[in-house]
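Here the structure comes first, spelled out in structure tokens, and everything after it is commentary.
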Amino acid sequence: MIATSSLRKTFDGGVEAVKGVDITVEAGEIVGFLGPNGAGKTTTMRMLTTLLTPTSGTAAVAGHDLLADPREVRRRIGYVAQGSALLPSAPLKAELELQAMLYGLGRREAAARIADVLARLELTGLETRIPAVLSGGQRRRFDIAFALLHDPDLIVLDEPTTGLDPQSRANLWDHIRALRAERGMTVFLTTHYLDEADALCDRLLIIDHGRIVAEGTPAELKAGGRTLDDVFLDITGRSLREEVGA
Amino acid sequence: MLRDTWVLFRHGVRVTLQQRVGIVFGAIQPLLFLVLFGPIFTTFGTWETLVPGLMIQLGLLSMALAGLGVVFERRTGALERLRVTPASRLALLLGRVLNNAVTLVVQLMLLLVVAFALGLRVPVGGLVAGIALVVVLGVSLAALSYAIALTMNEQLFAPMMSTAVIPLILLSGSFLPMSMAPRWLDALSRVSPFRYVLEAVRDLFHGRYLTGTVAAGVAVTAVFAVFGLAVGTRVFNRENA
């Protein structure tokens, strides 16, 4: 579903955010992409979702070349960015209809898909409201709803549970698991919650200073009775990081 | 691309119509000038001279700040949500710009209805051609406004644009023809494209269609439209915009 080779991004000013990463994600997997702030997670995700053009390297996402066929890639993926992407006072129903139609759905098809996705995410009835009156968990589920309207093969989630209470996080995990179980959807996500990565993901990739520095199943990475936190800190160090790049 | 443009345009109109007060509010300044300054102006000038100036003022005030919406969409991430759909990036601009055109037409109609009530008398051909020029100028400015909003510090956008608009209005000769200005000011105003468009609309409102002034106004509007849309398209296509 995702195959990159030596994918690299250097920003104007010479900041090398991603220094040649090779990522493989198979169809139907839930893969966690971990790393400290500024490690290159979001830049990599933005390249994989066509929002940034790689400086060099190759990538195929959902069966299409990222550089040669970005629109086909966009047709087949859903992307949930860091933080909510909802306009606080925009009626959600109209925004959902717009999004669905930009994915090429007709009016009736869009209405049916919206109803289906909202039911799946337990949001039915809330679409008549505006985001400003919803809880953080509801807003995040609406973000995911927007990304699912066109029934994508792959969903890319950038820190989907940041800022949510434990109940909302657990609820979101259930929904993510259900997407894979019911639809066979591939999920590629970043998170700073290592318990979440452990509980949710089939496989983990750890990126630091723009390079993949570890890879394996949670069980493989925790070999020897260590916690994922220990493993993460051993690999990436304990020094504080600042965000760089996009 | 046409379908995406239509979808975005229809959505924009729907949102705009839900904020009808905003349309009226956007036209309030020129309306105040019309009602409170117009009667004084017409003691030595004509409505046909003043109203084109107020139309240009309306176009500048209403369209220069069009980019504010996109600033907000970028800040919330809503713009990025649209940019990961297969919709053409050009459609993301054109859908907005066409919606701006509708808003401007409605505001111009409002202004003209009040102007007619006060005494404006214009030939139909001149009226239609004048509105067309102002609308094309306005949407080009809106496209430019989006481009500026996406490239500059978002905190600075609103204060910078609202400050820039004032000299542009004054230099266009909106309130008094620049032929009355001292030579240096007259020369300076020739740098502003809006002066040429305004003078063309004044000619059109007086029923003078085939003049050099009208030709210059049409040419400047066309060049400004190509420039505004080209810059807007380039910025919307750019990564990270």
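We name chains A, B, ... following the order of the structure tokens; residues begin at 1 in each chain, and ligands are numbered from 1 as shown.
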All strand (DSSP E or B) residues (DSSP, backbone) inside segment 60-162 of chain A, as a VMD selection string
chain A and resid 60 to 61 64 to 65 77 to 80 154 to 158
So that I can check the surroundings of Val97 of chain B, please list as a PyMOL selection string every protein, DNA and RNA residue that reaches within 12 Å of it, counting only C-alpha atoms and ignoring chain neighbours fewer than 2 positions away.
chain B and resi 5-6+8-10+12-13+63-64+66-67+69-70+90-95+99-104+135-147+225+228-229+232-233
Just the residues within 8 Å of Tyr103 of chain A, please, counting only C-alpha atoms, with nothing from its chain fewer than 4 positions along; format it as a PDB file with N, CA and C atoms, in the first residue's frame.
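Written file, result_20.pdb:
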```pdb
ATOM      1  N   ARG A  75      -7.154  10.339  -4.659  1.00  0.00           N
ATOM      2  CA  ARG A  75      -8.452   9.672  -4.798  1.00  0.00           C
ATOM      3  C   ARG A  75      -8.560   8.452  -3.883  1.00  0.00           C
ATOM      4  N   GLN A  99     -17.035  18.116   0.687  1.00  0.00           N
ATOM      5  CA  GLN A  99     -15.892  17.201   0.642  1.00  0.00           C
ATOM      6  C   GLN A  99     -16.224  15.973  -0.217  1.00  0.00           C
ATOM      7  N   HIS A 150     -14.914   8.979   0.823  1.00  0.00           N
ATOM      8  CA  HIS A 150     -14.740   8.387  -0.507  1.00  0.00           C
ATOM      9  C   HIS A 150     -14.290   6.932  -0.409  1.00  0.00           C
TER      10      HIS A 150
ATOM     11  N   THR B  85      -7.969  16.396  -1.442  1.00  0.00           N
ATOM     12  CA  THR B  85      -8.969  15.790  -2.335  1.00  0.00           C
ATOM     13  C   THR B  85      -8.401  15.851  -3.758  1.00  0.00           C
ATOM     14  N   PRO B  86      -8.992  15.085  -4.678  1.00  0.00           N
ATOM     15  CA  PRO B  86      -8.474  15.140  -6.057  1.00  0.00           C
ATOM     16  C   PRO B  86      -8.858  16.424  -6.793  1.00  0.00           C
ATOM     17  N   ALA B  87      -9.582  17.315  -6.141  1.00  0.00           N
ATOM     18  CA  ALA B  87     -10.010  18.559  -6.807  1.00  0.00           C
ATOM     19  C   ALA B  87      -8.795  19.351  -7.294  1.00  0.00           C
TER      20      ALA B  87
END
```
Using only C-alpha atoms, which residues sit within 12 Å of Ile166 of chain B once same-chain residues fewer than 2 positions away are excluded, as a PDB file with C-alpha atoms, in the first residue's frame?
```
ATOM      1  CA  ILE B  56     -14.475  51.282  -7.458  1.00  0.00           C
ATOM      2  CA  GLN B  57     -14.318  51.978  -3.714  1.00  0.00           C
ATOM      3  CA  LEU B  58     -16.741  49.116  -3.128  1.00  0.00           C
ATOM      4  CA  LEU B  60     -11.527  47.597  -3.575  1.00  0.00           C
ATOM      5  CA  LEU B  61     -12.905  47.417  -0.040  1.00  0.00           C
ATOM      6  CA  ALA B  64      -9.054  43.280  -1.190  1.00  0.00           C
ATOM      7  CA  PRO B 159      -4.005  45.434   8.674  1.00  0.00           C
ATOM      8  CA  MET B 160      -1.777  45.577   5.602  1.00  0.00           C
ATOM      9  CA  MET B 161      -4.568  45.146   3.078  1.00  0.00           C
ATOM     10  CA  SER B 162      -6.968  47.566   4.772  1.00  0.00           C
ATOM     11  CA  THR B 163      -4.178  50.153   4.914  1.00  0.00           C
ATOM     12  CA  ALA B 164      -3.140  49.594   1.287  1.00  0.00           C
ATOM     13  CA  LEU B 168      -5.498  53.067  -3.836  1.00  0.00           C
ATOM     14  CA  ILE B 169      -9.023  54.460  -3.461  1.00  0.00           C
ATOM     15  CA  LEU B 170      -7.817  58.034  -3.107  1.00  0.00           C
ATOM     16  CA  LEU B 171      -5.369  57.755  -6.022  1.00  0.00           C
ATOM     17  CA  SER B 172      -8.018  56.289  -8.284  1.00  0.00           C
ATOM     18  CA  GLY B 173      -9.953  59.552  -8.021  1.00  0.00           C
ATOM     19  CA  SER B 174     -12.960  57.910  -6.433  1.00  0.00           C
ATOM     20  CA  PHE B 175     -14.211  61.037  -4.698  1.00  0.00           C
TER      21      PHE B 175
END
```
Who sits within 10 Å of Arg121 of chain B, only C-alpha atoms, same chain under 3 positions skipped, as a PyMOL selection string:
chain B and resi 46-48+115-118+124+127+205-206
Go ahead and write the residues just picked, C-alpha atoms, as a JSON list (two decimals), in the first residue's frame.
```json
[["chain", "number", "residue", "atom", "x", "y", "z"],
["B", 46, "THR", "CA", -22.92, 64.87, -11.00],
["B", 47, "TRP", "CA", -24.10, 61.48, -9.72],
["B", 48, "GLU", "CA", -22.67, 59.99, -12.93],
["B", 115, "ALA", "CA", -27.99, 55.84, -6.36],
["B", 116, "PHE", "CA", -30.89, 55.70, -8.82],
["B", 117, "ALA", "CA", -33.26, 56.70, -6.05],
["B", 118, "LEU", "CA", -31.06, 59.73, -5.37],
["B", 124, "VAL", "CA", -28.39, 50.71, -19.91],
["B", 127, "LEU", "CA", -24.46, 50.62, -16.83],
["B", 205, "PHE", "CA", -21.97, 56.17, -17.48],
["B", 206, "HIS", "CA", -22.06, 59.31, -19.59]]
```
Do me a favour and pick out the residues of chain A within 8 Å of chain B, using only C-alpha atoms, as a VMD selection string.
chain A and resid 49 to 53 71 to 72 74 to 75 78 to 81 83 to 87 94 98 to 99 101 to 103
Could you write out, as a PyMOL selection string, all the residues of segment 29-225 of chain B that DSSP marks as helix (DSSP H, G or I)?
chain B and resi 29-41+47-64+67-76+78-83+89-118+124-151+154-172+178-180+183-189+193-205+212-225
Residue nearest Ala129 of chain B among B:Gly217, B:Ala187, B:Phe194, B:Gly53 (counting only C-alpha atoms):
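Among the listed residues, the smallest separation from Ala129 of chain B belongs to B:Gly217.
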Who sits within 9 Å of segment 107-122 of chain A, only C-alpha atoms, same chain under 3 positions skipped, as a list in words:
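Surrounding residues, per the criterion: Lys93, Leu96, Glu97, Ala100, Met101, Gly104, Gly125, Leu126, Glu127, Gln138, Arg141, Phe142, Ile144, Ala145, Phe146, Leu148, Leu149, His150, Asp151, Leu172 and His175 of chain A.
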Restricted to N, CA and C atoms, what would the selected residues look like written as a PDB file, in the first residue's frame?
```pdb
ATOM      1  N   LYS A  93     -22.812  19.591   7.978  1.00  0.00           N
ATOM      2  CA  LYS A  93     -23.472  18.860   6.892  1.00  0.00           C
ATOM      3  C   LYS A  93     -23.023  19.406   5.531  1.00  0.00           C
ATOM      4  N   LEU A  96     -19.437  18.441   4.844  1.00  0.00           N
ATOM      5  CA  LEU A  96     -19.321  17.026   4.465  1.00  0.00           C
ATOM      6  C   LEU A  96     -19.761  16.827   3.011  1.00  0.00           C
ATOM      7  N   GLU A  97     -20.846  17.504   2.631  1.00  0.00           N
ATOM      8  CA  GLU A  97     -21.336  17.376   1.247  1.00  0.00           C
ATOM      9  C   GLU A  97     -20.299  17.907   0.269  1.00  0.00           C
ATOM     10  N   ALA A 100     -17.421  15.412  -0.003  1.00  0.00           N
ATOM     11  CA  ALA A 100     -17.808  14.207  -0.749  1.00  0.00           C
ATOM     12  C   ALA A 100     -17.877  14.503  -2.243  1.00  0.00           C
ATOM     13  N   MET A 101     -18.410  15.648  -2.594  1.00  0.00           N
ATOM     14  CA  MET A 101     -18.554  15.979  -4.014  1.00  0.00           C
ATOM     15  C   MET A 101     -17.211  16.273  -4.660  1.00  0.00           C
ATOM     16  N   GLY A 104     -15.775  13.416  -6.138  1.00  0.00           N
ATOM     17  CA  GLY A 104     -16.447  12.942  -7.342  1.00  0.00           C
ATOM     18  C   GLY A 104     -17.779  12.265  -7.092  1.00  0.00           C
ATOM     19  N   GLY A 125     -26.701  12.607  13.529  1.00  0.00           N
ATOM     20  CA  GLY A 125     -27.476  13.670  14.183  1.00  0.00           C
ATOM     21  C   GLY A 125     -26.630  14.881  14.531  1.00  0.00           C
ATOM     22  N   LEU A 126     -25.330  14.674  14.694  1.00  0.00           N
ATOM     23  CA  LEU A 126     -24.466  15.800  15.082  1.00  0.00           C
ATOM     24  C   LEU A 126     -24.075  16.667  13.881  1.00  0.00           C
ATOM     25  N   GLU A 127     -24.347  16.162  12.665  1.00  0.00           N
ATOM     26  CA  GLU A 127     -23.935  16.907  11.473  1.00  0.00           C
ATOM     27  C   GLU A 127     -24.741  18.195  11.283  1.00  0.00           C
ATOM     28  N   GLN A 138     -15.611  14.190  19.587  1.00  0.00           N
ATOM     29  CA  GLN A 138     -16.555  14.259  18.451  1.00  0.00           C
ATOM     30  C   GLN A 138     -15.917  14.977  17.262  1.00  0.00           C
ATOM     31  N   ARG A 141     -13.551  12.664  15.578  1.00  0.00           N
ATOM     32  CA  ARG A 141     -14.245  11.649  14.778  1.00  0.00           C
ATOM     33  C   ARG A 141     -14.814  12.268  13.500  1.00  0.00           C
ATOM     34  N   PHE A 142     -15.217  13.532  13.572  1.00  0.00           N
ATOM     35  CA  PHE A 142     -15.658  14.193  12.330  1.00  0.00           C
ATOM     36  C   PHE A 142     -14.487  14.349  11.368  1.00  0.00           C
ATOM     37  N   ILE A 144     -12.087  12.330  11.025  1.00  0.00           N
ATOM     38  CA  ILE A 144     -11.929  11.016  10.399  1.00  0.00           C
ATOM     39  C   ILE A 144     -13.065  10.768   9.402  1.00  0.00           C
ATOM     40  N   ALA A 145     -14.271  11.205   9.767  1.00  0.00           N
ATOM     41  CA  ALA A 145     -15.409  11.040   8.854  1.00  0.00           C
ATOM     42  C   ALA A 145     -15.120  11.709   7.504  1.00  0.00           C
ATOM     43  N   PHE A 146     -14.544  12.924   7.541  1.00  0.00           N
ATOM     44  CA  PHE A 146     -14.212  13.626   6.296  1.00  0.00           C
ATOM     45  C   PHE A 146     -13.247  12.789   5.446  1.00  0.00           C
ATOM     46  N   LEU A 148     -13.021   9.608   5.342  1.00  0.00           N
ATOM     47  CA  LEU A 148     -13.552   8.292   4.946  1.00  0.00           C
ATOM     48  C   LEU A 148     -14.658   8.384   3.895  1.00  0.00           C
ATOM     49  N   LEU A 149     -15.064   9.604   3.550  1.00  0.00           N
ATOM     50  CA  LEU A 149     -16.257   9.777   2.699  1.00  0.00           C
ATOM     51  C   LEU A 149     -16.129   9.071   1.351  1.00  0.00           C
ATOM     52  N   HIS A 150     -14.914   8.979   0.823  1.00  0.00           N
ATOM     53  CA  HIS A 150     -14.740   8.387  -0.507  1.00  0.00           C
ATOM     54  C   HIS A 150     -14.290   6.932  -0.409  1.00  0.00           C
ATOM     55  N   ASP A 151     -14.403   6.350   0.787  1.00  0.00           N
ATOM     56  CA  ASP A 151     -14.066   4.943   1.006  1.00  0.00           C
ATOM     57  C   ASP A 151     -12.632   4.640   0.546  1.00  0.00           C
ATOM     58  N   LEU A 172     -11.767   5.954  19.911  1.00  0.00           N
ATOM     59  CA  LEU A 172     -11.164   6.143  18.590  1.00  0.00           C
ATOM     60  C   LEU A 172     -10.370   4.900  18.170  1.00  0.00           C
ATOM     61  N   HIS A 175     -12.710   2.440  16.760  1.00  0.00           N
ATOM     62  CA  HIS A 175     -13.129   2.794  15.396  1.00  0.00           C
ATOM     63  C   HIS A 175     -12.038   2.476  14.387  1.00  0.00           C
TER      64      HIS A 175
END
```
Calculate how many Å separate atom CA of Leu50 of chain B from atom CA of Pro30 of chain B, rounding to one decimal.
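Calculated distance between atom CA of Leu50 of chain B and atom CA of Pro30 of chain B is 10.5 Å.
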May I ask for the distance between atom CA of Leu32 of chain B and atom CA of Leu185 of chain B, given in Å to one decimal place?
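One can read the atom CA of Leu32 of chain B to atom CA of Leu185 of chain B distance as 25.8 Å.
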Who sits within 7 Å of Lys9 of chain A, only C-alpha atoms, same chain under 4 positions skipped, as JSON, numbers by chain:
{"A": [16, 17, 18, 19, 54, 55, 56]}
Point-to-point distance in Å for atom CA of Met152 of chain B and atom CA of Arg96 of chain B
19.1 Å
